[in-house]
$ cat coords36.cif   # mmCIF, C-alpha atoms
data_query
loop_
_atom_site.label_atom_id
_atom_site.label_comp_id
_atom_site.auth_asym_id
_atom_site.auth_seq_id
_atom_site.Cartn_x
_atom_site.Cartn_y
_atom_site.Cartn_z
CA MET A 1 13.66 -77.81 24.89
CA PRO A 2 11.61 -74.62 24.85
CA ALA A 3 9.06 -74.20 22.05
CA ARG A 4 10.31 -72.16 19.15
CA LEU A 5 8.18 -69.24 17.94
CA PRO A 6 7.39 -69.22 14.22
CA SER A 7 9.00 -66.45 12.13
CA TRP A 8 5.66 -64.81 11.40
CA ALA A 9 5.21 -64.21 15.15
CA TRP A 10 8.60 -62.50 15.37
CA VAL A 11 7.88 -60.31 12.34
CA SER A 12 4.42 -59.42 13.68
CA GLY A 13 5.82 -58.54 17.10
CA LEU A 14 8.57 -56.35 15.65
CA THR A 15 6.07 -54.60 13.34
CA VAL A 16 3.67 -53.85 16.21
CA GLY A 17 6.59 -52.56 18.29
CA ALA A 18 7.81 -50.32 15.46
CA ILE A 19 4.33 -48.90 14.85
CA ALA A 20 3.92 -48.19 18.57
CA GLY A 21 7.32 -46.46 18.65
CA VAL A 22 6.54 -44.29 15.62
CA GLY A 23 3.14 -43.40 17.11
CA PHE A 24 4.77 -42.38 20.39
CA LEU A 25 7.38 -40.24 18.60
CA THR A 26 4.69 -38.62 16.45
CA VAL A 27 2.72 -37.56 19.53
CA GLN A 28 5.89 -36.18 21.14
CA ALA A 29 6.86 -34.27 17.98
CA ASP A 30 3.37 -32.79 17.68
CA ARG A 31 3.75 -31.30 21.18
CA GLY A 32 7.03 -29.54 20.34
CA PRO A 33 7.72 -26.34 18.40
CA HIS A 34 6.87 -26.26 14.70
CA PRO A 35 9.36 -24.61 12.35
CA THR A 36 8.07 -22.34 9.61
CA ALA A 37 9.65 -21.40 6.32
CA ALA A 38 8.99 -18.78 3.65
CA VAL A 39 7.71 -20.08 0.34
CA ALA A 40 10.52 -19.92 -2.18
CA GLY A 41 9.74 -18.18 -5.47
CA PRO A 42 10.83 -19.46 -8.84
CA ASN A 43 14.24 -17.89 -8.36
CA PRO A 44 15.57 -18.78 -4.87
CA SER A 45 17.97 -15.85 -4.91
CA ALA A 46 15.09 -13.48 -5.71
CA SER A 47 13.36 -13.84 -2.36
CA ALA A 48 15.82 -12.35 0.04
CA ARG A 49 14.45 -12.61 3.54
CA VAL A 50 11.18 -12.02 5.27
CA THR A 51 11.35 -8.56 6.75
CA PRO A 52 8.80 -7.52 9.36
CA ALA A 53 7.40 -4.02 9.09
CA PRO A 54 9.40 -1.69 11.32
CA LYS A 55 7.73 -0.53 14.53
CA GLU A 56 7.39 3.24 14.73
CA THR A 57 7.21 5.23 17.94
CA ALA A 58 5.59 8.29 16.34
CA PRO A 59 4.04 8.31 12.89
CA ALA A 60 5.66 10.58 10.33
CA PRO A 61 3.45 13.56 9.45
CA VAL A 62 1.87 13.77 6.00
CA PRO A 63 4.08 16.01 3.83
CA ASP A 64 2.95 19.57 3.22
CA GLY A 65 1.57 20.18 -0.26
CA SER A 66 0.19 16.66 -0.63
CA GLY A 67 -3.38 17.82 -1.21
CA THR A 68 -6.54 17.23 0.77
CA GLY A 69 -9.17 14.56 1.05
CA ARG A 70 -9.02 10.80 0.74
CA ARG A 71 -5.75 9.79 -0.93
CA VAL A 72 -2.54 7.79 -0.88
CA VAL A 73 0.52 10.01 -0.45
CA TYR A 74 3.87 8.69 -1.67
CA SER A 75 7.09 10.54 -0.79
CA LEU A 76 10.01 9.82 -3.10
CA GLY A 77 12.56 11.30 -0.70
CA GLN A 78 11.25 9.65 2.46
CA LYS A 79 10.50 6.30 0.76
CA ARG A 80 7.20 6.32 2.64
CA ALA A 81 3.48 6.17 1.95
CA TRP A 82 0.46 7.43 3.87
CA LEU A 83 -3.18 6.36 3.67
CA VAL A 84 -5.18 9.52 4.35
CA ASP A 85 -8.96 9.50 4.84
CA ALA A 86 -11.54 12.08 3.69
CA SER A 87 -11.10 14.12 6.89
CA ASP A 88 -7.32 14.38 6.22
CA ALA A 89 -6.52 12.01 9.09
CA THR A 90 -3.68 9.55 8.54
CA ARG A 91 -5.03 6.02 8.76
CA ARG A 92 -1.64 4.36 8.23
CA THR A 93 1.91 5.26 7.23
CA PHE A 94 4.79 2.96 6.35
CA THR A 95 8.15 2.77 4.63
CA VAL A 96 8.51 1.26 1.16
CA TRP A 97 11.17 -0.09 -1.19
CA PRO A 98 10.97 1.98 -4.39
CA GLY A 99 11.68 0.57 -7.84
CA THR A 100 14.29 2.05 -10.17
CA VAL A 101 11.74 4.22 -12.04
CA ASP A 102 10.08 6.96 -10.00
CA PRO A 103 6.87 8.71 -11.02
CA ASP A 104 7.10 12.47 -11.41
CA PRO A 105 5.66 14.43 -8.47
CA GLY A 106 1.98 15.11 -9.07
CA THR A 107 -1.49 13.66 -8.67
CA TYR A 108 -2.49 10.34 -10.19
CA THR A 109 -5.47 7.99 -9.97
CA VAL A 110 -5.52 4.25 -9.30
CA GLY A 111 -6.48 2.91 -12.70
CA GLU A 112 -6.04 -0.82 -12.35
CA ARG A 113 -5.62 -3.41 -9.63
CA ARG A 114 -4.46 -6.99 -9.95
CA ASP A 115 -4.65 -9.76 -7.34
CA SER A 116 -1.33 -11.40 -8.19
CA THR A 117 1.40 -11.84 -10.79
CA THR A 118 5.14 -12.34 -10.96
CA GLY A 119 7.25 -9.21 -10.56
CA SER A 120 10.01 -8.28 -12.98
CA ASP A 121 12.45 -9.64 -10.36
CA GLY A 122 10.88 -13.11 -10.62
CA VAL A 123 9.19 -12.87 -7.22
CA PRO A 124 5.47 -13.72 -6.92
CA ILE A 125 3.69 -10.51 -5.85
CA GLU A 126 0.17 -9.71 -4.66
CA HIS A 127 -2.22 -6.79 -4.37
CA ILE A 128 -0.80 -4.75 -7.23
CA VAL A 129 -2.19 -1.19 -7.37
CA TYR A 130 -1.22 0.59 -10.61
CA PHE A 131 -1.32 4.38 -10.68
CA ALA A 132 1.26 5.82 -13.12
CA LEU A 133 3.11 5.18 -16.37
CA GLU A 134 6.61 6.66 -16.38
CA ASP A 135 9.22 6.24 -19.11
CA GLY A 136 7.24 3.31 -20.55
CA VAL A 137 7.16 1.50 -17.17
CA TRP A 138 4.03 1.01 -15.05
CA VAL A 139 4.43 2.20 -11.47
CA ALA A 140 2.48 0.26 -8.85
CA PHE A 141 2.41 -0.63 -5.17
CA SER A 142 2.63 -4.35 -4.30
CA HIS A 143 4.03 -6.80 -1.78
CA ALA A 144 5.84 -10.12 -2.15
CA ALA A 145 3.47 -13.05 -1.64
CA ASP A 146 5.90 -14.61 0.85
CA GLY A 147 6.51 -11.33 2.71
CA SER A 148 10.15 -11.06 1.65
CA SER A 149 12.01 -7.85 1.00
CA PRO A 150 12.93 -7.25 -2.64
CA PRO A 151 16.32 -8.30 -3.95
CA PRO A 152 18.67 -5.55 -5.14
CA PRO A 153 17.71 -4.50 -8.69
CA VAL A 154 19.80 -5.76 -11.56
CA PRO A 155 21.91 -2.82 -12.79
CA GLY A 156 20.34 -1.12 -15.79
CA THR A 157 16.85 -2.60 -15.31
CA LYS A 158 13.74 -0.44 -15.15
CA THR A 159 11.34 -1.48 -12.42
CA GLY A 160 8.28 0.48 -11.36
CA GLY A 161 7.25 -1.75 -8.49
CA ILE A 162 7.07 -0.01 -5.12
CA ARG A 163 7.35 -2.97 -2.75
CA LEU A 164 5.61 -2.87 0.63
CA HIS A 165 5.78 -4.97 3.77
CA LEU A 166 3.04 -7.61 3.58
CA PRO A 167 0.64 -6.08 6.19
CA ASP A 168 1.07 -2.63 4.62
CA GLY A 169 0.41 -4.05 1.16
CA ARG A 170 -2.82 -5.61 2.38
CA ALA A 171 -3.89 -2.33 4.01
CA LEU A 172 -3.13 -0.34 0.85
CA TRP A 173 -5.04 -2.89 -1.28
CA THR A 174 -8.12 -2.42 0.90
CA PHE A 175 -7.80 1.38 0.92
CA ALA A 176 -6.73 2.17 -2.67
CA THR A 177 -9.67 1.06 -4.77
CA THR A 178 -9.96 2.01 -8.45
CA GLY A 179 -10.29 5.80 -8.74
CA THR A 180 -8.44 6.56 -5.49
CA LYS A 181 -6.16 9.60 -5.74
CA VAL A 182 -2.39 9.04 -5.35
CA THR A 183 -0.28 12.12 -4.67
CA VAL A 184 3.46 11.80 -5.29
CA VAL A 185 5.67 14.35 -3.54
CA PRO A 186 9.45 14.86 -3.81
#
$ encode --input "coords36.cif" --output "structure tokens"
Amino acid sequence: MPARLPSWAWVSGLTVGAIAGVGFLTVQADRGPHPTAAVAGPNPSASARVTPAPKETAPAPVPDGSGTGRRVVYSLGQKRAWLVDASDATRRTFTVWPGTVDPDPGTYTVGERRDSTTGSDGVPIEHIVYFALEDGVWVAFSHAADGSSPPPPVPGTKTGGIRLHLPDGRALWTFATTGTKVTVVP
């Protein structure tokens, strides 16, 4: 009669085999593609989808009557902003998602900046650049921390956030330091 292996030997052999199998699968999985996901905000319906900044073939020209010198130009009608340097050269231009409260056309100054907070839509936002107070609502540029586009505004709410694509928000944050001129055109 063949010798019988003790139960501890069977358990040890199965455990070693399982560990080797998991190790092999881990190495294989590490070599494959890695999925990514956007960070969900406190309100899952608030973060719509990550929207890459649109690629432009030719940059839109700075609107006439937007002043001279170093400034941010914001066009209400075009839903677009420009970062203009001291020599009046456009450093960057991009489309934006305006809030429900628009500042009146005119010249403003960046008065306050904030690294991060939660927007009135419940979405975590970053690089907030405040420049106007309109109808009791602060108007500011910002971008969603997770890069998502803003959800549709709740009817009847007053929001002054001008949401930017994430790379544009970072560029505006670097450019629009406290005291920078912001010109709003129709």
$ residues_around --input "coords36.cif" --residues "Val154 (chain A)" --least-positions-apart "3" --cutoff "12 Å" --atoms "all atoms listed in the file" --output "list in words"
Ala46, Gly99, Thr100, Ser120, Asp121, Gly122, Pro150, Pro151, Thr157, Lys158 and Thr159 of chain A
$ atom_distance --input "coords36.cif" --atom1 "CA of Pro186 (chain A)" --atom2 "CA of Thr117 (chain A)"
28.7 Å
$ closest_residue --input "coords36.cif" --among "A:Gly106, A:Val185, A:Gly161, A:Thr180" --to "Gly69 (chain A)" --atoms "all atoms listed in the file"
A:Thr180
$ closest_residue --input "coords36.cif" --among "A:Asp135, A:Asp104, A:Thr95, A:Pro152" --to "Pro167 (chain A)" --atoms "all atoms listed in the file"
A:Thr95
$ closest_residue --input "coords36.cif" --among "A:Pro105, A:Gly179, A:Pro98, A:Gly156" --to "Ser142 (chain A)" --atoms "all atoms listed in the file"
A:Pro98
$ resolve_selection --input "coords36.cif" --expression "the PyMOL selection byres ((chain A and resi 74) around 9)" --output "count of residues only"
15
$ atom_distance --input "coords36.cif" --atom1 "CA of Ala132 (chain A)" --atom2 "CA of Ala145 (chain A)"
22.2 Å
$ atom_distance --input "coords36.cif" --atom1 "CA of Arg163 (chain A)" --atom2 "CA of Arg71 (chain A)"
18.4 Å
$ residues_around --input "coords36.cif" --residues "Glu126 (chain A)" --least-positions-apart "3" --cutoff "9 Å" --atoms "only C-alpha atoms" --output "count of residues only"
12
$ residues_around --input "coords36.cif" --residues "Val139 (chain A)" --least-positions-apart "5" --cutoff "9 Å" --atoms "all atoms listed in the file" --output "NGL selection string"
:A and (99 or 101-103 or 129-134 or 159-162)
$ closest_residue --input "coords36.cif" --among "A:Leu83, A:Pro63, A:Glu112, A:Thr107" --to "His127 (chain A)" --atoms "all atoms listed in the file"
A:Glu112
$ build_atoms --input "coords36.cif" --residues "region 94-108 of chain A" --atoms "N, CA, C and O atoms" --output "compact mmCIF listing (two decimals), in the frame of the given file"
# COMPACT_ATOMS: atom_id res chain seq x y z
N PHE A 94 3.80 4.04 6.35
CA PHE A 94 4.79 2.96 6.35
C PHE A 94 5.89 3.25 5.34
O PHE A 94 5.69 4.02 4.39
N THR A 95 7.03 2.63 5.56
CA THR A 95 8.15 2.77 4.63
C THR A 95 7.96 1.79 3.48
O THR A 95 7.24 0.79 3.61
N VAL A 96 8.63 2.09 2.37
CA VAL A 96 8.51 1.26 1.16
C VAL A 96 9.90 1.06 0.55
O VAL A 96 10.86 1.75 0.90
N TRP A 97 9.98 0.11 -0.37
CA TRP A 97 11.17 -0.09 -1.19
C TRP A 97 10.81 0.37 -2.60
O TRP A 97 10.05 -0.31 -3.29
N PRO A 98 11.33 1.51 -3.05
CA PRO A 98 10.97 1.98 -4.39
C PRO A 98 11.65 1.16 -5.48
O PRO A 98 12.69 0.52 -5.25
N GLY A 99 11.06 1.19 -6.68
CA GLY A 99 11.68 0.57 -7.84
C GLY A 99 12.76 1.50 -8.38
O GLY A 99 13.14 2.49 -7.75
N THR A 100 13.25 1.21 -9.58
CA THR A 100 14.29 2.05 -10.17
C THR A 100 13.71 3.19 -11.00
O THR A 100 14.44 4.09 -11.39
N VAL A 101 12.41 3.15 -11.28
CA VAL A 101 11.74 4.22 -12.04
C VAL A 101 10.75 4.90 -11.10
O VAL A 101 9.84 4.27 -10.57
N ASP A 102 10.97 6.20 -10.87
CA ASP A 102 10.08 6.96 -10.00
C ASP A 102 9.07 7.75 -10.83
O ASP A 102 9.43 8.30 -11.87
N PRO A 103 7.82 7.83 -10.34
CA PRO A 103 6.87 8.71 -11.02
C PRO A 103 7.23 10.16 -10.73
O PRO A 103 7.83 10.47 -9.70
N ASP A 104 6.89 11.05 -11.66
CA ASP A 104 7.10 12.47 -11.41
C ASP A 104 6.17 12.92 -10.28
O ASP A 104 5.06 12.39 -10.14
N PRO A 105 6.59 13.90 -9.46
CA PRO A 105 5.66 14.43 -8.47
C PRO A 105 4.39 14.94 -9.15
O PRO A 105 4.45 15.51 -10.24
N GLY A 106 3.27 14.71 -8.52
CA GLY A 106 1.98 15.11 -9.07
C GLY A 106 0.87 14.25 -8.52
O GLY A 106 1.07 13.47 -7.60
N THR A 107 -0.31 14.41 -9.11
CA THR A 107 -1.49 13.66 -8.67
C THR A 107 -1.89 12.66 -9.73
O THR A 107 -1.98 13.01 -10.92
N TYR A 108 -2.13 11.44 -9.31
CA TYR A 108 -2.49 10.34 -10.19
C TYR A 108 -3.77 9.69 -9.66
O TYR A 108 -4.25 10.05 -8.58
